[in-house]
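Colleague: Input structure: protein_1.pdb, which contains PDB, C-alpha atoms.
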ATOM      1  CA  MET S   1      79.303  92.103  98.795
ATOM      2  CA  THR S   2      75.990  91.351 100.486
ATOM      3  CA  PRO S   3      72.524  92.717  99.758
ATOM      4  CA  ASP S   4      72.983  95.002 102.808
ATOM      5  CA  ASP S   5      76.169  96.406 101.205
ATOM      6  CA  VAL S   6      74.147  97.336  98.112
ATOM      7  CA  THR S   7      72.316  99.966 100.188
ATOM      8  CA  CYS S   8      75.375 102.245  99.999
ATOM      9  CA  LEU S   9      75.430 102.131  96.180
ATOM     10  CA  ARG S  10      73.687 104.533  93.840
ATOM     11  CA  CYS S  11      72.780 104.252  90.183
ATOM     12  CA  PRO S  12      75.540 105.946  88.140
ATOM     13  CA  GLU S  13      72.913 107.398  85.810
ATOM     14  CA  SER S  14      70.075 108.505  88.099
ATOM     15  CA  GLY S  15      71.701 108.673  91.527
ATOM     16  CA  GLN S  16      68.850 106.557  92.918
ATOM     17  CA  PRO S  17      69.466 103.803  95.508
ATOM     18  CA  LEU S  18      70.022 100.352  94.040
ATOM     19  CA  HIS S  19      68.314  97.073  94.917
ATOM     20  CA  PHE S  20      69.552  93.554  94.170
ATOM     21  CA  ASP S  21      67.513  90.956  92.277
ATOM     22  CA  GLY S  22      69.328  87.660  91.866
ATOM     23  CA  THR S  23      71.040  84.745  93.548
ATOM     24  CA  LEU S  24      73.376  84.676  96.528
ATOM     25  CA  ASP S  25      76.248  82.305  97.217
ATOM     26  CA  ARG S  26      76.312  80.075 100.323
ATOM     27  CA  HIS S  27      77.816  82.926 102.378
ATOM     28  CA  GLY S  28      75.030  85.371 101.475
ATOM     29  CA  HIS S  29      77.128  87.327  98.980
ATOM     30  CA  LEU S  30      75.859  88.510  95.592
ATOM     31  CA  LEU S  31      76.501  85.931  92.893
ATOM     32  CA  THR S  32      74.493  86.716  89.749
ATOM     33  CA  GLY S  33      71.581  88.954  88.917
ATOM     34  CA  HIS S  34      70.960  92.661  88.543
ATOM     35  CA  LEU S  35      70.972  95.880  90.487
ATOM     36  CA  ARG S  36      68.108  98.196  89.663
ATOM     37  CA  PRO S  37      67.467 101.750  90.784
ATOM     38  CA  THR S  38      64.352 102.679  92.719
ATOM     39  CA  GLY S  39      61.644 103.338  90.148
ATOM     40  CA  GLY S  40      64.029 102.724  87.257
ATOM     41  CA  ALA S  41      63.868 100.272  84.406
ATOM     42  CA  ARG S  42      67.616 100.279  83.597
ATOM     43  CA  ARG S  43      69.494  97.472  85.285
ATOM     44  CA  TRP S  44      73.138  96.855  86.111
ATOM     45  CA  ALA S  45      74.465  93.308  85.779
ATOM     46  CA  VAL S  46      76.019  91.388  88.657
ATOM     47  CA  GLN S  47      78.357  88.681  87.336
ATOM     48  CA  GLU S  48      80.484  86.408  89.516
ATOM     49  CA  GLY S  49      79.597  88.602  92.483
ATOM     50  CA  LEU S  50      80.746  91.823  90.807
ATOM     51  CA  PRO S  51      78.322  94.668  90.103
ATOM     52  CA  ARG S  52      79.022  96.131  86.658
ATOM     53  CA  LEU S  53      78.219  99.772  87.359
ATOM     54  CA  TYR S  54      79.287 101.158  84.003
ATOM     55  CA  ARG S  55      78.228 101.026  80.391
ATOM     56  CA  GLU S  56      80.784  99.742  77.911
ATOM     57  CA  ALA S  57      80.223 102.854  75.792
ATOM     58  CA  TRP S  58      81.601 104.945  78.683
ATOM     59  CA  VAL S  59      84.992 103.203  78.495
ATOM     60  CA  HIS S  60      87.478 104.890  76.151
ATOM     61  CA  ALA S  61      89.103 102.767  73.442
ATOM     62  CA  PRO S  62      92.628 102.727  74.997
ATOM     63  CA  ASP S  63      91.171 101.557  78.311
ATOM     64  CA  ARG S  64      89.111  98.856  76.568
ATOM     65  CA  PHE S  65      92.255  97.705  74.760
ATOM     66  CA  MET S  66      94.339  97.522  77.971
ATOM     67  CA  ARG S  67      91.548  95.745  79.840
ATOM     68  CA  ARG S  68      91.054  93.141  77.130
ATOM     69  CA  PHE S  69      94.665  92.393  76.198
ATOM     70  CA  PHE S  70      96.468  92.966  79.490
ATOM     71  CA  TYR S  71      94.355  93.361  82.632
ATOM     72  CA  ASP S  72      91.833  90.597  81.847
ATOM     73  CA  ALA S  73      94.043  88.423  79.623
ATOM     74  CA  ILE S  74      97.175  88.175  81.784
ATOM     75  CA  PRO S  75      96.375  89.649  85.215
ATOM     76  CA  ARG S  76      99.251  87.707  86.824
ATOM     77  CA  ALA S  77     101.702  89.834  84.839
ATOM     78  CA  HIS S  78     100.372  93.113  86.237
ATOM     79  CA  ASP S  79     102.157  93.325  89.604
ATOM     80  CA  PRO S  80     105.585  92.195  88.319
ATOM     81  CA  ALA S  81     105.260  94.590  85.367
ATOM     82  CA  VAL S  82     104.329  97.491  87.651
ATOM     83  CA  LYS S  83     107.200  96.729  90.009
ATOM     84  CA  LEU S  84     109.637  96.822  87.108
ATOM     85  CA  LEU S  85     108.191  99.535  84.885
ATOM     86  CA  LEU S  86     106.654 102.085  87.257
ATOM     87  CA  PRO S  87     109.939 103.590  88.457
ATOM     88  CA  LEU S  88     111.212 103.693  84.870
ATOM     89  CA  LEU S  89     108.073 105.322  83.489
ATOM     90  CA  GLN S  90     107.865 107.809  86.372
ATOM     91  CA  GLY S  91     111.452 108.886  85.742
ATOM     92  CA  VAL S  92     112.376 108.589  89.402
ATOM     93  CA  ARG S  93     114.714 106.419  91.400
ATOM     94  CA  GLU S  94     112.080 105.316  93.886
ATOM     95  CA  THR S  95     110.817 101.765  94.046
ATOM     96  CA  GLU S  96     107.235 100.819  93.375
ATOM     97  CA  GLY S  97     106.698 100.446  97.143
ATOM     98  CA  GLN S  98     108.106 103.902  97.831
ATOM     99  CA  LEU S  99     105.834 105.398  95.175
ATOM    100  CA  ARG S 100     102.809 103.659  96.721
ATOM    101  CA  ASP S 101     103.795 104.920 100.190
ATOM    102  CA  ALA S 102     104.172 108.481  98.869
ATOM    103  CA  TYR S 103     100.672 108.226  97.402
ATOM    104  CA  LEU S 104      99.279 107.040 100.741
ATOM    105  CA  ASP S 105     101.181 109.783 102.619
ATOM    106  CA  ARG S 106      98.946 112.335 100.888
ATOM    107  CA  MET S 107      95.769 110.812 102.316
ATOM    108  CA  ALA S 108      94.304 112.535 105.372
ATOM    109  CA  LEU S 109      93.637 109.303 107.253
ATOM    110  CA  GLU S 110      93.809 111.022 110.644
ATOM    111  CA  GLN S 111      90.728 113.041 109.634
ATOM    112  CA  LEU S 112      88.544 109.956 109.213
ATOM    113  CA  PRO S 113      85.627 109.723 111.668
ATOM    114  CA  ARG S 114      86.164 107.866 114.925
ATOM    115  CA  ASP S 115      82.501 107.611 115.933
ATOM    116  CA  ARG S 116      81.571 105.230 113.105
ATOM    117  CA  PRO S 117      83.344 103.072 110.529
ATOM    118  CA  ALA S 118      84.757 105.160 107.691
ATOM    119  CA  GLU S 119      84.040 104.172 104.099
ATOM    120  CA  ILE S 120      87.097 104.307 101.816
ATOM    121  CA  LEU S 121      86.900 103.658  98.079
ATOM    122  CA  GLU S 122      89.978 102.967  95.998
ATOM    123  CA  VAL S 123      89.209 103.576  92.338
ATOM    124  CA  SER S 124      91.212 101.414  89.908
ATOM    125  CA  VAL S 125      92.111  99.082  92.770
ATOM    126  CA  GLY S 126      93.734  96.581  90.394
ATOM    127  CA  THR S 127      95.133  93.624  92.304
ATOM    128  CA  GLY S 128      94.831  95.488  95.601
ATOM    129  CA  ALA S 129      98.528  96.194  96.140
ATOM    130  CA  ASN S 130      97.716  99.380  98.094
ATOM    131  CA  LEU S 131      95.232  97.718 100.443
ATOM    132  CA  PRO S 132      97.643  96.148 102.973
ATOM    133  CA  ARG S 133      99.581  99.423 103.121
ATOM    134  CA  LEU S 134      96.364 101.396 103.599
ATOM    135  CA  ARG S 135      95.127  99.103 106.380
ATOM    136  CA  ALA S 136      98.514  99.373 108.131
ATOM    137  CA  ARG S 137      98.375 103.191 108.003
ATOM    138  CA  LEU S 138      94.940 103.572 109.570
ATOM    139  CA  PRO S 139      95.431 105.506 112.819
ATOM    140  CA  PRO S 140      94.598 103.699 116.083
ATOM    141  CA  GLY S 141      90.907 103.842 116.922
ATOM    142  CA  ILE S 142      89.769 104.298 113.330
ATOM    143  CA  ARG S 143      87.645 101.566 111.857
ATOM    144  CA  ALA S 144      87.190 101.503 108.101
ATOM    145  CA  ARG S 145      85.464  99.540 105.395
ATOM    146  CA  ILE S 146      87.698  99.692 102.349
ATOM    147  CA  TRP S 147      86.074  99.210  98.966
ATOM    148  CA  GLY S 148      87.768  98.603  95.645
ATOM    149  CA  LEU S 149      86.511  99.532  92.203
ATOM    150  CA  ASP S 150      87.989  98.374  88.896
ATOM    151  CA  LEU S 151      86.821  97.952  85.295
ATOM    152  CA  SER S 152      88.780  94.716  84.943
ATOM    153  CA  ALA S 153      87.288  91.467  86.173
ATOM    154  CA  GLY S 154      90.768  89.946  85.733
ATOM    155  CA  MET S 155      92.300  92.445  88.166
ATOM    156  CA  VAL S 156      89.524  91.962  90.713
ATOM    157  CA  GLY S 157      89.940  88.195  90.325
ATOM    158  CA  ARG S 158      93.630  88.540  91.233
ATOM    159  CA  LEU S 159      92.703  90.782  94.146
ATOM    160  CA  ARG S 160      90.298  88.127  95.436
ATOM    161  CA  ALA S 161      92.760  85.277  94.832
ATOM    162  CA  GLY S 162      95.447  87.150  96.762
ATOM    163  CA  GLY S 163      93.219  87.400  99.837
ATOM    164  CA  ARG S 164      93.177  91.198  99.781
ATOM    165  CA  ALA S 165      89.497  91.575  98.854
ATOM    166  CA  HIS S 166      86.657  92.228 101.202
ATOM    167  CA  HIS S 167      84.461  94.544  99.105
ATOM    168  CA  CYS S 168      84.935  94.754  95.339
ATOM    169  CA  LEU S 169      83.010  96.381  92.556
ATOM    170  CA  GLY S 170      83.660  95.545  88.943
TER
END
How does the structure come out when it is put into structure tokens?
Modeller:
Amino acid sequence: MTPDDVTCLRCPESGQPLHFDGTLDRHGHLLTGHLRPTGGARRWAVQEGLPRLYREAWVHAPDRFMRRFFYDAIPRAHDPAVKLLLPLLQGVRETEGQLRDAYLDRMALEQLPRDRPAEILEVSVGTGANLPRLRARLPPGIRARIWGLDLSAGMVGRLRAGGRAHHCLG
């Protein structure tokens, strides 16, 4: 994420545009610092290039537990566990890939604008397993910037390590 990318973000509390104060890496991407809303005193941390656009108090206890003891602690286990457990927990005979494809089938990708790049946000992006499938399903002539959002720095770290990340928010 670059300082120019920050212009599309808004403060979750006030809705005001955000501005970056901090350091950039050698490629011009956010590294550490803060995002602050126009005219606002509240700031949002940027750590390891990830804007933290939430307050810990907003995260429910079960989600905090899963983030701490699974998503952040052992992110490598996530994808194998999902592949194994998702079909069992869903009570269906479909594979994890088939379930992901069915999810993507419901998206109206053909309705995305053709006159400008579309902006797509995947909430709870995890390790980014849907991203290659989503990119492959974009209709010809549609350009898109795909963003990922996740509460877990461990999941976003796996997404980045797997080469699937272009724009991530923590």
Colleague: Show which residues sit within 7 Å of stretch 10-23 of chain S, as a list in words. Count all atoms listed in the file, and ignore same-chain residues fewer than 6 positions away.
Modeller: Pro3, Leu30, Leu31, Thr32, Gly33, His34, Leu35, Arg36, Pro37, Thr38 and Leu53 of chain S
Colleague: Give me the residues within 10 Å of S:Leu134 as an MDAnalysis selection string, counting all atoms listed in the file and dropping any in the same chain fewer than 5 places off.
Modeller: chainID S and resid 100:101 104:105 107 109 120 129 146
Colleague: Quick one: residues within 12 Å of S:His78, only C-alpha atoms counted, chain neighbours fewer than 5 positions away excluded, as a ChimeraX atom specification?
Modeller: /S:66-67,69-73,83-86,126-129,152,154-156,158-159
Colleague: Hey, what's within 8 Å of S:Ala118 if we count only C-alpha atoms and toss same-chain stuff fewer than 4 positions away? As a compact mmCIF listing (two decimals) with C-alpha atoms, keeping the file's coordinate frame, please?
Modeller:
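Written output follows (part.txt):
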# COMPACT_ATOMS: atom_id res chain seq x y z
CA LEU S 112 88.54 109.96 109.21
CA PRO S 113 85.63 109.72 111.67
CA ARG S 114 86.16 107.87 114.92
CA ILE S 142 89.77 104.30 113.33
CA ARG S 143 87.64 101.57 111.86
CA ALA S 144 87.19 101.50 108.10
CA ARG S 145 85.46 99.54 105.40
Colleague: Starting from the shown file, work through the PyMOL selection byres ((chain S and resi 51) around 8) and note down what comes out as a short mmCIF file (atom, residue, chain, number, x, y, z; two decimals) with C-alpha atoms, in the coordinates of the input.
Modeller:
data_model
loop_
_atom_site.label_atom_id
_atom_site.label_comp_id
_atom_site.auth_asym_id
_atom_site.auth_seq_id
_atom_site.Cartn_x
_atom_site.Cartn_y
_atom_site.Cartn_z
CA HIS S 34 70.96 92.66 88.54
CA LEU S 35 70.97 95.88 90.49
CA TRP S 44 73.14 96.86 86.11
CA ALA S 45 74.46 93.31 85.78
CA VAL S 46 76.02 91.39 88.66
CA GLN S 47 78.36 88.68 87.34
CA GLY S 49 79.60 88.60 92.48
CA LEU S 50 80.75 91.82 90.81
CA ARG S 52 79.02 96.13 86.66
CA LEU S 53 78.22 99.77 87.36
CA LEU S 169 83.01 96.38 92.56
CA GLY S 170 83.66 95.54 88.94
#
Colleague: Go ahead and compute the interatomic distance for atom CA of S:Arg133 and atom CA of S:Gln90, in Å to one decimal.
Modeller: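 One can read the atom CA of S:Arg133 to atom CA of S:Gln90 distance as 20.5 Å.
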Colleague: Which is closer to S:Pro75 than all the others in S:Pro62, S:Gly162, S:Pro117, S:Gly40, using all atoms listed in the file?
Modeller: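 Answer, going by the shortest atom-to-atom distance: S:Gly162.
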Colleague: Would you work out the distance separating atom CA of S:Leu151 from atom CA of S:Glu122, expressed in Å to one decimal?
Modeller: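 According to the coordinates, atom CA of S:Leu151 and atom CA of S:Glu122 are separated by 12.2 Å.
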Colleague: Any idea what the distance is between atom CA of S:Pro132 and atom CA of S:Tyr103?
Modeller: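 The value is 13.6 Å.
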Colleague: So, with only C-alpha atoms as the atoms that count, which of S:Ile74, S:Arg64, S:Val123, S:Glu110 lies closest to S:Leu138?
Modeller: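 That would be S:Glu110, the residue with the smallest distance to S:Leu138.
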Colleague: Considering all atoms listed in the file, can you say which of S:Arg160, S:Glu94, S:His60, S:Tyr54 comes closest to S:Arg42?
Modeller: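 Looking at the shortest contact to S:Arg42, the residue is S:Tyr54.
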